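Peer 1: Following this message is one structure expressed as C-alpha cells.
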Amino acid sequence: MYKILCLNKISPVGTKRFGEKYTFSPEVQEPDGILVRSASMHDMELGENLLAIARAGAGVNNIPVNQCIENGVVVFNTPGANANAVKELVLCSLFLTSRKIVSSIDWAKTLKGKGDEVSKLVEKGKSAFTGPEIQGKTLGVIGLGAIGILVANAAKSLGMTVYGYDPFLSVDSAWNLSRSVNHAQSLDEIFATCDYITLHVPLTPETKNLVGTASLQKMKDGVRILNFARGDLVDSDAMLEALQKGKVSAYATDFPDDKLLCAENVIAIPHLGASTPESEDNCAEMAVDELKEYLEDGNIRNS
Ligand code: MLT
C-alpha cells in the first residue's frame, strides 16, 4: 500500500485514479508521496520514506526543490494542465485594464438610490471611464511556454500585433507560433515596442523583479502590464511609483500585494488563474498519474 499525503484539497477526478493500492489523506504519516497545490512546504520536514512530490500546478516555488534534490526526492509539476484557465483570465484582464471596467462597475454601484436621476448621472459621469480598444495595439508576451503560447495566439486573433520573447523557445513552439508572433531579440525590444506586456516566466533568481525601476524606464509611457505568473517578477515599490507617475496606466495581477492593493489602476485578483473546475481536474489527473507512474514503475515525466 502506497501512502500519499494530500496537503491541499485536490479534485477527486484525480485522486480516484489512485485506486486500491493507495491511501491518501491530509493526515498520512511517513508518506511515500506528497500531492500539493499551493501550500508552502518550505518549513516541512521531508519524511524518511518520501520518494516524490507532485505539484498540481506549474510553478514549484512552494516546494524546497534543492532540499528535495539533495534527498533524492523527485518533484513533479503539471505543465500545460491549467494553461487554458490562465489564458482566459489573462485575456479577461487585457480588457479590464483597457476599458476601466472594474472602476466603472464600482462607480455605477454608487448610483444606487438615485432613482430617476440615474440615467442623467450616467451620461454625466461615464466619460471618466473611456478606455482604448485592444485591436491594433502591440502585446509583448514574455515567456512562450504553454500559457504564453495560448495567450499569444488568442491575442493575435483579437487583432493585436504580438511580440514574443523567450530565449529557451523550442523549435516546435517557434514553428507553431510563427504566424502569430514577431520574435523579439531582447527584452528591451519588448519594452520599447509594446502597449501591453504580459509575463509568463517562472520565478527564478534571474527573473525576480524583471519589472523594476530600470525596465519600467525602457517601456512606453502608459504601458499596461499583466502578471499572472508570480508576484515577485514585479518590484512592487517600482510599480507603485510608475503607476503614480502615469508611466504604467494599469497593472493587473493574480498576486495581491499589500503595497499595491489600494493603488489606483491596479486590478488584483486573488490567485484565481488556475481556479476552474476543468483546470483543477486536469492538474489533479496529471499529478496523480505522475506519482503513480514513478512509485510503481520508476517512470519520470515532468520533473
Ligand atoms: C500554477 O503554478 O500553475 C498555479 O499557481 C496553480 C494554482 O493556482 O494552484
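In the C-alpha cells, each chain is lettered A, B, ... as it comes, each chain's residues begin at 1, and ligands are numbered from 1 in order of appearance.
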May I have the residues within 10 Å of ligand 1, computed using only C-alpha atoms and all ligand atoms, as a ChimeraX atom specification?
Peer 2: /A:8,10,36-39,55-62,77-83,85-86,147,202,228-230,254-255,270-276,279-280,283
Peer 1: Keeping only C-alpha atoms, write the selected residues as a PDB file, in the first residue's frame.
Peer 2:
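Generated output (out-v6.pdb):
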```pdb
ATOM      1  CA  ASN A   8      -4.387  20.707  -0.326  1.00  0.00           C
ATOM      2  CA  ILE A  10      -7.275  18.059  -4.736  1.00  0.00           C
ATOM      3  CA  VAL A  36       0.249  19.589  -3.163  1.00  0.00           C
ATOM      4  CA  ARG A  37      -1.310  22.607  -4.832  1.00  0.00           C
ATOM      5  CA  SER A  38      -0.340  25.943  -3.261  1.00  0.00           C
ATOM      6  CA  ALA A  39       0.526  25.055   0.372  1.00  0.00           C
ATOM      7  CA  ARG A  55       2.523  19.784  -7.611  1.00  0.00           C
ATOM      8  CA  ALA A  56      -0.921  20.168  -9.150  1.00  0.00           C
ATOM      9  CA  GLY A  57       0.163  23.311 -10.996  1.00  0.00           C
ATOM     10  CA  ALA A  58       3.055  24.723 -12.994  1.00  0.00           C
ATOM     11  CA  GLY A  59       5.230  26.707 -10.553  1.00  0.00           C
ATOM     12  CA  VAL A  60       7.224  24.883  -7.873  1.00  0.00           C
ATOM     13  CA  ASN A  61       8.151  27.845  -5.668  1.00  0.00           C
ATOM     14  CA  ASN A  62       6.210  26.409  -2.728  1.00  0.00           C
ATOM     15  CA  ASN A  77       4.625  19.581 -11.843  1.00  0.00           C
ATOM     16  CA  THR A  78       1.770  19.650 -14.357  1.00  0.00           C
ATOM     17  CA  PRO A  79       2.839  21.921 -17.223  1.00  0.00           C
ATOM     18  CA  GLY A  80       0.021  22.950 -19.532  1.00  0.00           C
ATOM     19  CA  ALA A  81      -2.723  21.359 -17.431  1.00  0.00           C
ATOM     20  CA  ASN A  82      -4.083  24.716 -16.309  1.00  0.00           C
ATOM     21  CA  ALA A  83      -2.874  26.779 -19.282  1.00  0.00           C
ATOM     22  CA  ALA A  85      -7.731  28.628 -17.489  1.00  0.00           C
ATOM     23  CA  VAL A  86      -4.857  31.079 -17.019  1.00  0.00           C
ATOM     24  CA  ILE A 147       0.413  29.651 -21.229  1.00  0.00           C
ATOM     25  CA  PRO A 202       8.831  31.102 -13.815  1.00  0.00           C
ATOM     26  CA  PHE A 228      -0.330  36.048 -13.939  1.00  0.00           C
ATOM     27  CA  ALA A 229       2.951  34.201 -13.402  1.00  0.00           C
ATOM     28  CA  ARG A 230       4.426  35.067  -9.958  1.00  0.00           C
ATOM     29  CA  ASP A 254      -3.049  37.453  -9.859  1.00  0.00           C
ATOM     30  CA  PHE A 255      -0.872  38.101  -6.782  1.00  0.00           C
ATOM     31  CA  PRO A 270      -6.700  36.555  -5.535  1.00  0.00           C
ATOM     32  CA  HIS A 271      -4.624  33.939  -7.412  1.00  0.00           C
ATOM     33  CA  LEU A 272      -7.534  32.610  -9.469  1.00  0.00           C
ATOM     34  CA  GLY A 273      -5.675  31.926 -12.731  1.00  0.00           C
ATOM     35  CA  ALA A 274      -5.992  28.159 -12.382  1.00  0.00           C
ATOM     36  CA  SER A 275      -9.239  28.156 -10.416  1.00  0.00           C
ATOM     37  CA  THR A 276     -11.651  26.492 -12.797  1.00  0.00           C
ATOM     38  CA  SER A 279      -8.118  23.035 -14.769  1.00  0.00           C
ATOM     39  CA  GLU A 280      -8.305  21.603 -11.246  1.00  0.00           C
ATOM     40  CA  CYS A 283      -3.916  19.190 -12.835  1.00  0.00           C
TER      41      CYS A 283
END
```
Peer 1: Considering only helix (DSSP H, G or I) as DSSP defines it on the backbone, what residues of region 4-250 of chain A qualify? List them as a PyMOL selection string.
Peer 2: chain A and resi 12-21+65-70+83-99+101-109+115-129+146-157+171-177+187-193+213-218+231-233+236-245
Peer 1: Just how far from CA of Phe76 (chain A) is CA of Pro277 (chain A), in Å to one decimal?
Peer 2: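 Interatomic distance, CA of Pro277 (chain A) to CA of Phe76 (chain A): 20.9 Å.
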Peer 1: Taking only C-alpha atoms into account, name the residue in A:Phe168, A:Tyr294, A:Phe95, A:Tyr196 that is nearest to Gly140 (chain A).
Peer 2: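 For Gly140 (chain A), the nearest of the candidates is A:Tyr196.
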Peer 1: If we count only C-alpha atoms and set the cut-off at 12 Å, which residues sit around Cys262 (chain A), ignoring sequence neighbours fewer than 3 positions away in its own chain? Please answer as an mmCIF file with N, CA and C atoms, in the first residue's frame.
Peer 2:
```cif
data_model
loop_
_atom_site.group_PDB
_atom_site.id
_atom_site.type_symbol
_atom_site.label_atom_id
_atom_site.label_comp_id
_atom_site.auth_asym_id
_atom_site.auth_seq_id
_atom_site.Cartn_x
_atom_site.Cartn_y
_atom_site.Cartn_z
ATOM 1 N N LEU A 240 4.545 50.786 -7.959
ATOM 2 C CA LEU A 240 3.710 51.815 -7.335
ATOM 3 C C LEU A 240 4.104 53.199 -7.856
ATOM 4 N N LEU A 243 2.989 53.667 -11.419
ATOM 5 C CA LEU A 243 1.535 53.900 -11.512
ATOM 6 C C LEU A 243 1.206 55.334 -11.101
ATOM 7 N N GLN A 244 1.859 55.773 -10.014
ATOM 8 C CA GLN A 244 1.566 57.127 -9.525
ATOM 9 C C GLN A 244 1.986 58.191 -10.533
ATOM 10 N N TYR A 251 -2.117 47.975 -14.001
ATOM 11 C CA TYR A 251 -1.387 46.750 -13.662
ATOM 12 C C TYR A 251 -2.404 45.725 -13.184
ATOM 13 N N PRO A 256 -2.122 39.520 -5.236
ATOM 14 C CA PRO A 256 -2.336 40.742 -4.464
ATOM 15 C C PRO A 256 -1.147 41.026 -3.547
ATOM 16 N N ASP A 257 -0.760 42.294 -3.490
ATOM 17 C CA ASP A 257 0.405 42.698 -2.717
ATOM 18 C C ASP A 257 -0.037 43.898 -1.887
ATOM 19 N N ASP A 258 0.263 43.850 -0.602
ATOM 20 C CA ASP A 258 -0.227 44.888 0.311
ATOM 21 C C ASP A 258 0.093 46.296 -0.191
ATOM 22 N N LYS A 259 1.303 46.456 -0.754
ATOM 23 C CA LYS A 259 1.717 47.802 -1.185
ATOM 24 C C LYS A 259 0.873 48.320 -2.340
ATOM 25 N N ASN A 265 -5.747 52.054 -10.435
ATOM 26 C CA ASN A 265 -5.396 51.320 -11.660
ATOM 27 C C ASN A 265 -4.687 49.991 -11.430
ATOM 28 N N VAL A 266 -4.843 49.441 -10.229
ATOM 29 C CA VAL A 266 -4.352 48.079 -10.000
ATOM 30 C C VAL A 266 -5.557 47.150 -9.931
ATOM 31 N N ILE A 267 -5.509 46.101 -10.709
ATOM 32 C CA ILE A 267 -6.559 45.082 -10.637
ATOM 33 C C ILE A 267 -5.916 43.856 -10.021
ATOM 34 N N ALA A 268 -6.233 43.616 -8.751
ATOM 35 C CA ALA A 268 -5.605 42.492 -8.041
ATOM 36 C C ALA A 268 -6.619 41.376 -7.888
#
```
Peer 1: Identify which of the residues A:Asp221, A:Asp195, A:Asp166, A:Glu133 lies closest to Asn182 (chain A), counting only C-alpha atoms when measuring atom-to-atom distances.
Peer 2: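 Among the listed residues, A:Asp166 lies closest to Asn182 (chain A).
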Peer 1: For Ser180 (chain A), list every protein, DNA or RNA residue within 7 Å, evaluated using only C-alpha atoms, and leave out those in the same chain fewer than 5 positions away; present the list as a list in words.
Peer 2: Ala152, Asn153, Lys156 and Val162 of chain A
Peer 1: List the spatial neighbours of Gly47 (chain A) as a ChimeraX atom specification - criterion: any atom at most 9 Å away, only C-alpha atoms, same-chain residues fewer than 5 positions off excluded.
Peer 2: /A:29-32
Peer 1: Can you work out which one of A:Leu226, A:Val141, A:Ala242, A:Val201 has the shortest atom-to-atom distance to Ala184 (chain A), counting only C-alpha atoms?
Peer 2: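 Of A:Leu226, A:Val141, A:Ala242, A:Val201, the one nearest Ala184 (chain A) is A:Val141, counting only C-alpha atoms.
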Peer 1: Rounded to one decimal, what separation in Å do you get between CA of Ala287 (chain A) and CA of Pro26 (chain A)?
Peer 2: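 Atom-to-atom, CA of Ala287 (chain A) and CA of Pro26 (chain A) are spaced 16.1 Å apart.
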Peer 1: With distances taken over only C-alpha atoms, which of A:Ala192, A:Ala146, A:Val288, A:Val75 is nearest to Ser170 (chain A)?
Peer 2: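 Smallest separation from Ser170 (chain A) among the options: A:Ala146.
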Peer 1: Please determine, counting only C-alpha atoms, which residue among A:Leu121, A:Met160, A:Leu96, A:Cys68 has the shortest atom-to-atom distance to Ala250 (chain A).
Peer 2: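 Among the listed residues, A:Leu96 lies closest to Ala250 (chain A).
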Peer 1: Select, from A:Leu177, A:Val13, A:Ile149, A:Ile53, the residue with the minimum atom-to-atom distance to Gly72 (chain A), counting only C-alpha atoms.
Peer 2: A:Ile53
Peer 1: As a compact mmCIF listing (two decimals) with C-alpha atoms, in the first residue's frame, list the residues of region 83-229 of chain A assigned to strand (DSSP E or B) by DSSP on the backbone atoms of this structure.
Peer 2:
```txt
# COMPACT_ATOMS: atom_id res chain seq x y z
CA THR A 138 1.00 45.75 -29.51
CA LEU A 139 1.25 42.99 -26.90
CA GLY A 140 4.57 41.70 -25.56
CA VAL A 141 4.48 38.14 -24.27
CA ILE A 142 7.49 37.41 -22.08
CA THR A 161 0.27 42.67 -33.01
CA VAL A 162 2.09 40.22 -30.79
CA TYR A 163 5.79 40.26 -29.90
CA GLY A 164 7.16 37.25 -28.05
CA TYR A 165 10.39 36.85 -26.13
CA VAL A 181 4.24 36.18 -33.06
CA ASN A 182 7.03 38.51 -34.03
CA HIS A 183 10.03 37.07 -32.25
CA TYR A 196 0.68 45.83 -23.21
CA ILE A 197 3.15 43.41 -21.61
CA THR A 198 2.21 40.06 -20.09
CA LEU A 199 4.57 37.90 -18.02
CA VAL A 211 9.75 44.51 -13.99
CA VAL A 223 2.05 50.78 -20.80
CA ARG A 224 -0.36 48.23 -19.32
CA ILE A 225 1.23 45.27 -17.53
CA LEU A 226 -0.25 41.88 -16.67
CA ASN A 227 1.32 39.44 -14.24
```
Peer 1: Could you give me, as a list in words, the residues within 12 Å of Glu70 (chain A), counting only C-alpha atoms and dropping anything in the same chain fewer than 6 positions from it?
Peer 2: Leu46, Leu51 and Pro64 of chain A
